[in-house]
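What follows is one structure encoded as structure tokens, with my remarks underneath.
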Amino acid sequence: MRLVSVNQLQAGMKLGKKIYNDEGLTLLADGVELTDALIKRLARIDIGYIYIEDSVTDDIVITGILQDETRNQALKVIRNQFQQMSGASGITKGLYHLDKKFSKIMDNILDDMSLQEDPMIMLMDMHTADNYLYVHSLNVCLYTLVLGIAHGYSKEELRVIGLGALLHDIGKTQIPIKIIQKPGRLSDEEFRHMQAHTEIGFQILKEEPNIPLLAAHCALQHHERIDGSGYPRGLTGPQIHEYAKWLGVADSYDAMTSNRVYKKAMLPHQAVEALYVGSGTLYEQKHLELFRDRVAIYPLGLTVKLSTGESGVVVKIEPSTPHRPTVRVLTGPEGEKVAPFERDLSKALSVVIVDVAEQGDSLEMPN
């Protein structure tokens, strides 16, 4: 299958991977033939990129970190809990307690991830931008755990940082929905309301008997930055807990690579470049380096252009060299079609990716 932007879709193409709404329910099943009406609908609900079937890349299999059952159950628990908390009284006074299912969900997530020898941060399943909070919470949890595993944390440490990541934005359940989903720039007052979600989240989680206090501090500190420019307390490097530093990188990355009501998603390589702008000021360089080594910068199925002038599709990613994937070359230096062959950039060190197919670019599909 092949990853393309919605602006590149043509009637007759077939969906290669399911599209979900942000409650984890199937919006469009794989194999559905796209019509002009469906393409317009996808653009209207802010889907940026999707996978389509493609005869020359039909051997590409996109697998997630989690089993479908685990992912759907996690989204269901997050959705139900957060919806119940929205507008409920006594939230920050210990009068309302979280569902005990969160601990079970975390155990299931860790069990799934333990089955993978070398888990990586991959482009996740495609979702609409509605109720972004649920999917964002799960994605940030998974990304943070990938980093935690690579860093060498124990299972109990992973459980704590995983719960902190899963619940890092729980304070947003107490922020007015009109602020959360505002399509334009927030006013100063609205931004102050939004910033309060970190302290609200801390107040909620620190009262929970089944949630470690360090997880509550993840909610409190995930927007702190090492130069003191973050919030709510303007902490600097040594004052910020290590867990919150990892979480801050994962949170920022997922925000940049997800469709929002007010912006389109970046591709992974663009988001990584944006993160590196903050190296040494917003984020620890060592955290960004490990993150870069664990993220699939060029996702499977992405169309790329090489320094040789050739173009092709990313078909394989090695965990040891995720930034130098194997590309199945489909066109030559002059744009002419060629018999497909694979170029492994981890071995062809003089060849680099110089461009990717962006939204709005034309896309010529092989016959």
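Residue numbers start at 1 in each chain; chains themselves are named A, B, ... in the order of the structure tokens; ligands are numbered from 1 in the order shown.
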
Test item: residues at most 7 Å from Tyr49 of chain A, only C-alpha atoms, excluding those fewer than 5 positions along its chain, as number ranges by chain: A: 3-6

Residues just named, written with C-alpha atoms as a tab-separated table (two decimals), in the first residue's frame:
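So the final result, stored in result_10.tsv, reads:
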chain	number	residue	atom	x	y	z
A	3	LEU	CA	0.66	6.72	1.71
A	4	VAL	CA	-0.79	9.72	-0.10
A	5	SER	CA	-2.35	13.04	0.85
A	6	VAL	CA	-6.08	13.49	0.41

Alpha helix (DSSP H) call set, DSSP backbone run, segment 101-349 of chain A, as a PyMOL selection string: chain A and resi 101-114+132-151+155-166+177-180+188-195+197-206+213-221+242-256+268-277+285-294

What does the file look like for those residues with C-alpha atoms, as an mmCIF file, in the first residue's frame?
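Output (again.cif):
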data_model
loop_
_atom_site.group_PDB
_atom_site.id
_atom_site.type_symbol
_atom_site.label_atom_id
_atom_site.label_comp_id
_atom_site.auth_asym_id
_atom_site.auth_seq_id
_atom_site.Cartn_x
_atom_site.Cartn_y
_atom_site.Cartn_z
ATOM 1 C CA LYS A 101 -9.618 -0.035 34.152
ATOM 2 C CA PHE A 102 -6.723 2.355 33.421
ATOM 3 C CA SER A 103 -4.316 0.100 35.316
ATOM 4 C CA LYS A 104 -5.530 -2.924 33.363
ATOM 5 C CA ILE A 105 -5.231 -1.030 30.082
ATOM 6 C CA MET A 106 -1.631 -0.124 30.914
ATOM 7 C CA ASP A 107 -0.817 -3.770 31.652
ATOM 8 C CA ASN A 108 -2.311 -4.807 28.293
ATOM 9 C CA ILE A 109 -0.347 -2.118 26.450
ATOM 10 C CA LEU A 110 2.924 -3.201 28.057
ATOM 11 C CA ASP A 111 2.159 -6.855 27.280
ATOM 12 C CA ASP A 112 1.602 -5.997 23.591
ATOM 13 C CA MET A 113 4.786 -3.940 23.406
ATOM 14 C CA SER A 114 6.824 -6.680 25.069
ATOM 15 C CA TYR A 132 -8.604 14.573 19.191
ATOM 16 C CA LEU A 133 -7.932 14.287 22.927
ATOM 17 C CA TYR A 134 -8.668 10.548 23.116
ATOM 18 C CA VAL A 135 -6.333 9.442 20.324
ATOM 19 C CA HIS A 136 -3.681 11.965 21.357
ATOM 20 C CA SER A 137 -3.646 10.551 24.894
ATOM 21 C CA LEU A 138 -3.065 7.012 23.609
ATOM 22 C CA ASN A 139 -0.498 8.017 20.980
ATOM 23 C CA VAL A 140 1.567 10.007 23.482
ATOM 24 C CA CYS A 141 1.471 7.027 25.839
ATOM 25 C CA LEU A 142 2.783 4.688 23.126
ATOM 26 C CA TYR A 143 5.472 7.084 21.922
ATOM 27 C CA THR A 144 6.654 7.725 25.488
ATOM 28 C CA LEU A 145 6.813 3.996 26.193
ATOM 29 C CA VAL A 146 8.878 3.404 23.038
ATOM 30 C CA LEU A 147 11.340 6.002 24.311
ATOM 31 C CA GLY A 148 11.251 4.561 27.820
ATOM 32 C CA ILE A 149 11.980 1.055 26.551
ATOM 33 C CA ALA A 150 14.898 2.331 24.448
ATOM 34 C CA HIS A 151 16.191 4.291 27.447
ATOM 35 C CA LYS A 155 8.738 -2.585 33.715
ATOM 36 C CA GLU A 156 7.525 -0.805 36.852
ATOM 37 C CA GLU A 157 9.099 2.458 35.701
ATOM 38 C CA LEU A 158 7.447 2.004 32.304
ATOM 39 C CA ARG A 159 4.118 1.442 34.026
ATOM 40 C CA VAL A 160 4.443 4.741 35.917
ATOM 41 C CA ILE A 161 5.585 6.833 32.949
ATOM 42 C CA GLY A 162 2.972 5.092 30.765
ATOM 43 C CA LEU A 163 0.137 6.024 33.118
ATOM 44 C CA GLY A 164 1.475 9.563 33.331
ATOM 45 C CA ALA A 165 1.521 9.800 29.534
ATOM 46 C CA LEU A 166 -1.907 8.198 29.095
ATOM 47 C CA ILE A 177 -14.927 22.725 24.895
ATOM 48 C CA LYS A 178 -15.182 25.981 22.939
ATOM 49 C CA ILE A 179 -11.579 26.714 23.948
ATOM 50 C CA ILE A 180 -10.332 23.169 23.278
ATOM 51 C CA ASP A 188 -4.677 35.717 26.236
ATOM 52 C CA GLU A 189 -7.483 34.814 28.639
ATOM 53 C CA GLU A 190 -8.349 31.639 26.725
ATOM 54 C CA PHE A 191 -4.688 30.630 26.672
ATOM 55 C CA ARG A 192 -4.492 31.051 30.444
ATOM 56 C CA HIS A 193 -7.522 28.760 30.734
ATOM 57 C CA MET A 194 -5.801 26.214 28.477
ATOM 58 C CA GLN A 195 -2.563 26.351 30.440
ATOM 59 C CA HIS A 197 -5.050 21.956 32.367
ATOM 60 C CA THR A 198 -1.611 20.968 33.687
ATOM 61 C CA GLU A 199 -2.361 21.984 37.282
ATOM 62 C CA ILE A 200 -5.919 20.649 37.092
ATOM 63 C CA GLY A 201 -4.565 17.323 35.857
ATOM 64 C CA PHE A 202 -2.116 17.210 38.750
ATOM 65 C CA GLN A 203 -4.901 17.918 41.263
ATOM 66 C CA ILE A 204 -7.004 15.121 39.784
ATOM 67 C CA LEU A 205 -4.275 12.489 39.651
ATOM 68 C CA LYS A 206 -2.578 13.168 42.989
ATOM 69 C CA LEU A 213 2.312 10.433 42.340
ATOM 70 C CA LEU A 214 5.006 10.576 39.645
ATOM 71 C CA ALA A 215 2.261 10.091 37.038
ATOM 72 C CA ALA A 216 0.529 13.160 38.463
ATOM 73 C CA HIS A 217 3.785 15.107 38.082
ATOM 74 C CA CYS A 218 3.874 14.065 34.408
ATOM 75 C CA ALA A 219 0.537 15.845 33.949
ATOM 76 C CA LEU A 220 1.865 18.878 35.826
ATOM 77 C CA GLN A 221 5.202 19.213 34.022
ATOM 78 C CA GLU A 242 13.012 13.060 33.561
ATOM 79 C CA TYR A 243 9.660 11.403 32.805
ATOM 80 C CA ALA A 244 8.099 14.770 31.966
ATOM 81 C CA LYS A 245 10.986 15.573 29.618
ATOM 82 C CA TRP A 246 10.401 12.391 27.594
ATOM 83 C CA LEU A 247 6.661 13.038 27.642
ATOM 84 C CA GLY A 248 7.154 16.627 26.455
ATOM 85 C CA VAL A 249 8.948 15.435 23.314
ATOM 86 C CA ALA A 250 6.301 12.775 22.577
ATOM 87 C CA ASP A 251 3.452 15.218 23.237
ATOM 88 C CA SER A 252 4.894 17.861 20.912
ATOM 89 C CA TYR A 253 5.584 15.325 18.150
ATOM 90 C CA ASP A 254 2.076 13.880 18.194
ATOM 91 C CA ALA A 255 0.528 17.356 18.226
ATOM 92 C CA MET A 256 2.527 18.274 15.128
ATOM 93 C CA PRO A 268 7.213 12.897 10.566
ATOM 94 C CA HIS A 269 10.421 14.292 9.068
ATOM 95 C CA GLN A 270 9.002 17.821 9.262
ATOM 96 C CA ALA A 271 8.001 17.360 12.906
ATOM 97 C CA VAL A 272 11.436 16.003 13.837
ATOM 98 C CA GLU A 273 13.074 19.020 12.179
ATOM 99 C CA ALA A 274 10.762 21.313 14.154
ATOM 100 C CA LEU A 275 11.660 19.557 17.406
ATOM 101 C CA TYR A 276 15.370 19.950 16.704
ATOM 102 C CA VAL A 277 14.936 23.715 16.465
ATOM 103 C CA GLN A 285 19.577 17.108 23.043
ATOM 104 C CA LYS A 286 20.059 13.541 24.341
ATOM 105 C CA HIS A 287 16.287 13.067 24.424
ATOM 106 C CA LEU A 288 15.906 14.315 20.860
ATOM 107 C CA GLU A 289 18.740 12.083 19.650
ATOM 108 C CA LEU A 290 17.136 8.962 21.100
ATOM 109 C CA PHE A 291 13.758 10.071 19.755
ATOM 110 C CA ARG A 292 15.210 10.526 16.265
ATOM 111 C CA ASP A 293 16.681 7.032 16.437
ATOM 112 C CA ARG A 294 13.311 5.506 17.373
#

Would you write out, as a tab-separated table, a table of all residues in segment 275-324 of chain A that have an atom no more than 8 Å from an atom of segment 350-358 of chain A, listing for each the closest atom pair and the distance in Å to one decimal, considering only C-alpha atoms and ordering rows by chain and rising residue number?
residue	atom	partner	partner_atom	distance
A:Leu302	CA	A:Ala357	CA	7.4
A:Thr303	CA	A:Ala357	CA	5.5
A:Val304	CA	A:Val356	CA	4.2
A:Lys305	CA	A:Asp355	CA	5.1
A:Leu306	CA	A:Ile353	CA	4.5
A:Ser307	CA	A:Val352	CA	5.5
A:Thr308	CA	A:Val351	CA	6.8
A:Arg324	CA	A:Val352	CA	7.7

Write a file of the selected residues as a tab-separated table (two decimals), in the first residue's frame, keeping N, CA and C atoms.
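Output saved as again-v3.tsv:
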chain	number	residue	atom	x	y	z
A	302	LEU	N	5.46	5.99	1.87
A	302	LEU	CA	5.62	7.40	1.49
A	302	LEU	C	6.40	7.50	0.18
A	303	THR	N	5.96	8.37	-0.71
A	303	THR	CA	6.68	8.63	-1.96
A	303	THR	C	7.78	9.66	-1.71
A	304	VAL	N	9.00	9.32	-2.11
A	304	VAL	CA	10.15	10.20	-1.85
A	304	VAL	C	10.97	10.38	-3.13
A	305	LYS	N	11.74	11.46	-3.15
A	305	LYS	CA	12.68	11.71	-4.25
A	305	LYS	C	14.09	11.61	-3.70
A	306	LEU	N	14.96	10.93	-4.46
A	306	LEU	CA	16.34	10.70	-4.03
A	306	LEU	C	17.30	11.70	-4.68
A	307	SER	N	18.49	11.81	-4.10
A	307	SER	CA	19.50	12.72	-4.63
A	307	SER	C	19.96	12.31	-6.02
A	308	THR	N	19.66	11.09	-6.43
A	308	THR	CA	20.00	10.63	-7.79
A	308	THR	C	19.01	11.16	-8.83
A	324	ARG	N	17.30	5.99	7.17
A	324	ARG	CA	17.82	5.56	5.88
A	324	ARG	C	17.09	4.28	5.46

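Between atom CA of Thr257 of chain A and atom CA of Asp54 of chain A there is a distance of 23.9 Å.
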
Proximity to Asn21 of chain A - best of A:Thr173, A:Thr281, A:Asn72, A:Ser229, only C-alpha atoms: A:Asn72

For Arg44 of chain A, the nearest of the candidates A:Asn7, A:Leu98, A:Glu336, A:Gly278, counting only C-alpha atoms: A:Asn7

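Of the residues under consideration (A:Ile240, A:Leu9, A:Val315, A:Leu330), A:Val315 shows the shortest atom-to-atom contact distance to Leu345 of chain A when counting only C-alpha atoms.
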
Mind checking DSSP for segment 91-317 of chain A and telling me the strand (DSSP E or B) residues as a PDB file with N, CA and C atoms, in the first residue's frame?
ATOM      1  N   ILE A 121       8.473   4.304  16.739  1.00  0.00           N
ATOM      2  CA  ILE A 121       7.406   5.292  16.609  1.00  0.00           C
ATOM      3  C   ILE A 121       7.060   5.393  15.137  1.00  0.00           C
ATOM      4  N   MET A 126      -5.059   6.233  10.842  1.00  0.00           N
ATOM      5  CA  MET A 126      -5.661   7.495  10.429  1.00  0.00           C
ATOM      6  C   MET A 126      -6.976   7.728  11.170  1.00  0.00           C
ATOM      7  N   HIS A 127      -7.104   8.922  11.763  1.00  0.00           N
ATOM      8  CA  HIS A 127      -8.305   9.284  12.503  1.00  0.00           C
ATOM      9  C   HIS A 127      -8.784  10.659  12.064  1.00  0.00           C
ATOM     10  N   ASP A 227      14.630  25.581  29.274  1.00  0.00           N
ATOM     11  CA  ASP A 227      15.125  26.956  29.388  1.00  0.00           C
ATOM     12  C   ASP A 227      14.231  27.821  30.268  1.00  0.00           C
ATOM     13  N   THR A 236      13.196  24.987  35.095  1.00  0.00           N
ATOM     14  CA  THR A 236      14.338  24.816  34.192  1.00  0.00           C
ATOM     15  C   THR A 236      14.834  23.370  34.270  1.00  0.00           C
ATOM     16  N   ARG A 260      -5.559  18.816  13.342  1.00  0.00           N
ATOM     17  CA  ARG A 260      -6.288  19.541  14.375  1.00  0.00           C
ATOM     18  C   ARG A 260      -7.328  20.424  13.699  1.00  0.00           C
ATOM     19  N   LYS A 263      -5.156  23.296  12.267  1.00  0.00           N
ATOM     20  CA  LYS A 263      -3.965  23.131  11.437  1.00  0.00           C
ATOM     21  C   LYS A 263      -3.906  21.734  10.847  1.00  0.00           C
ATOM     22  N   SER A 279      16.371  22.133  20.296  1.00  0.00           N
ATOM     23  CA  SER A 279      17.401  21.347  20.965  1.00  0.00           C
ATOM     24  C   SER A 279      18.259  22.238  21.865  1.00  0.00           C
ATOM     25  N   TYR A 283      14.152  21.293  24.646  1.00  0.00           N
ATOM     26  CA  TYR A 283      14.301  19.865  24.923  1.00  0.00           C
ATOM     27  C   TYR A 283      15.774  19.513  25.080  1.00  0.00           C
ATOM     28  N   VAL A 295      12.152   6.911  15.736  1.00  0.00           N
ATOM     29  CA  VAL A 295      10.988   7.306  14.950  1.00  0.00           C
ATOM     30  C   VAL A 295      11.218   6.996  13.474  1.00  0.00           C
ATOM     31  N   LEU A 302       5.458   5.990   1.870  1.00  0.00           N
ATOM     32  CA  LEU A 302       5.620   7.395   1.486  1.00  0.00           C
ATOM     33  C   LEU A 302       6.404   7.503   0.178  1.00  0.00           C
ATOM     34  N   THR A 303       5.960   8.373  -0.715  1.00  0.00           N
ATOM     35  CA  THR A 303       6.676   8.630  -1.960  1.00  0.00           C
ATOM     36  C   THR A 303       7.778   9.657  -1.709  1.00  0.00           C
ATOM     37  N   VAL A 304       8.999   9.323  -2.106  1.00  0.00           N
ATOM     38  CA  VAL A 304      10.149  10.197  -1.849  1.00  0.00           C
ATOM     39  C   VAL A 304      10.966  10.380  -3.126  1.00  0.00           C
ATOM     40  N   LYS A 305      11.738  11.456  -3.146  1.00  0.00           N
ATOM     41  CA  LYS A 305      12.677  11.708  -4.246  1.00  0.00           C
ATOM     42  C   LYS A 305      14.091  11.607  -3.702  1.00  0.00           C
ATOM     43  N   LEU A 306      14.961  10.934  -4.456  1.00  0.00           N
ATOM     44  CA  LEU A 306      16.339  10.698  -4.034  1.00  0.00           C
ATOM     45  C   LEU A 306      17.296  11.697  -4.675  1.00  0.00           C
ATOM     46  N   SER A 311      12.692   8.624  -8.105  1.00  0.00           N
ATOM     47  CA  SER A 311      11.611   8.691  -7.127  1.00  0.00           C
ATOM     48  C   SER A 311      11.092   7.292  -6.865  1.00  0.00           C
ATOM     49  N   GLY A 312      10.571   7.085  -5.667  1.00  0.00           N
ATOM     50  CA  GLY A 312      10.033   5.778  -5.329  1.00  0.00           C
ATOM     51  C   GLY A 312       9.283   5.813  -4.017  1.00  0.00           C
ATOM     52  N   VAL A 313       9.023   4.640  -3.489  1.00  0.00           N
ATOM     53  CA  VAL A 313       8.198   4.487  -2.295  1.00  0.00           C
ATOM     54  C   VAL A 313       8.998   3.764  -1.215  1.00  0.00           C
ATOM     55  N   VAL A 314       8.891   4.254   0.017  1.00  0.00           N
ATOM     56  CA  VAL A 314       9.552   3.613   1.155  1.00  0.00           C
ATOM     57  C   VAL A 314       8.882   2.259   1.412  1.00  0.00           C
ATOM     58  N   VAL A 315       9.672   1.180   1.357  1.00  0.00           N
ATOM     59  CA  VAL A 315       9.094  -0.159   1.509  1.00  0.00           C
ATOM     60  C   VAL A 315       9.622  -0.914   2.727  1.00  0.00           C
ATOM     61  N   LYS A 316      10.714  -0.437   3.334  1.00  0.00           N
ATOM     62  CA  LYS A 316      11.271  -1.151   4.473  1.00  0.00           C
ATOM     63  C   LYS A 316      12.033  -0.179   5.362  1.00  0.00           C
TER      64      LYS A 316
END
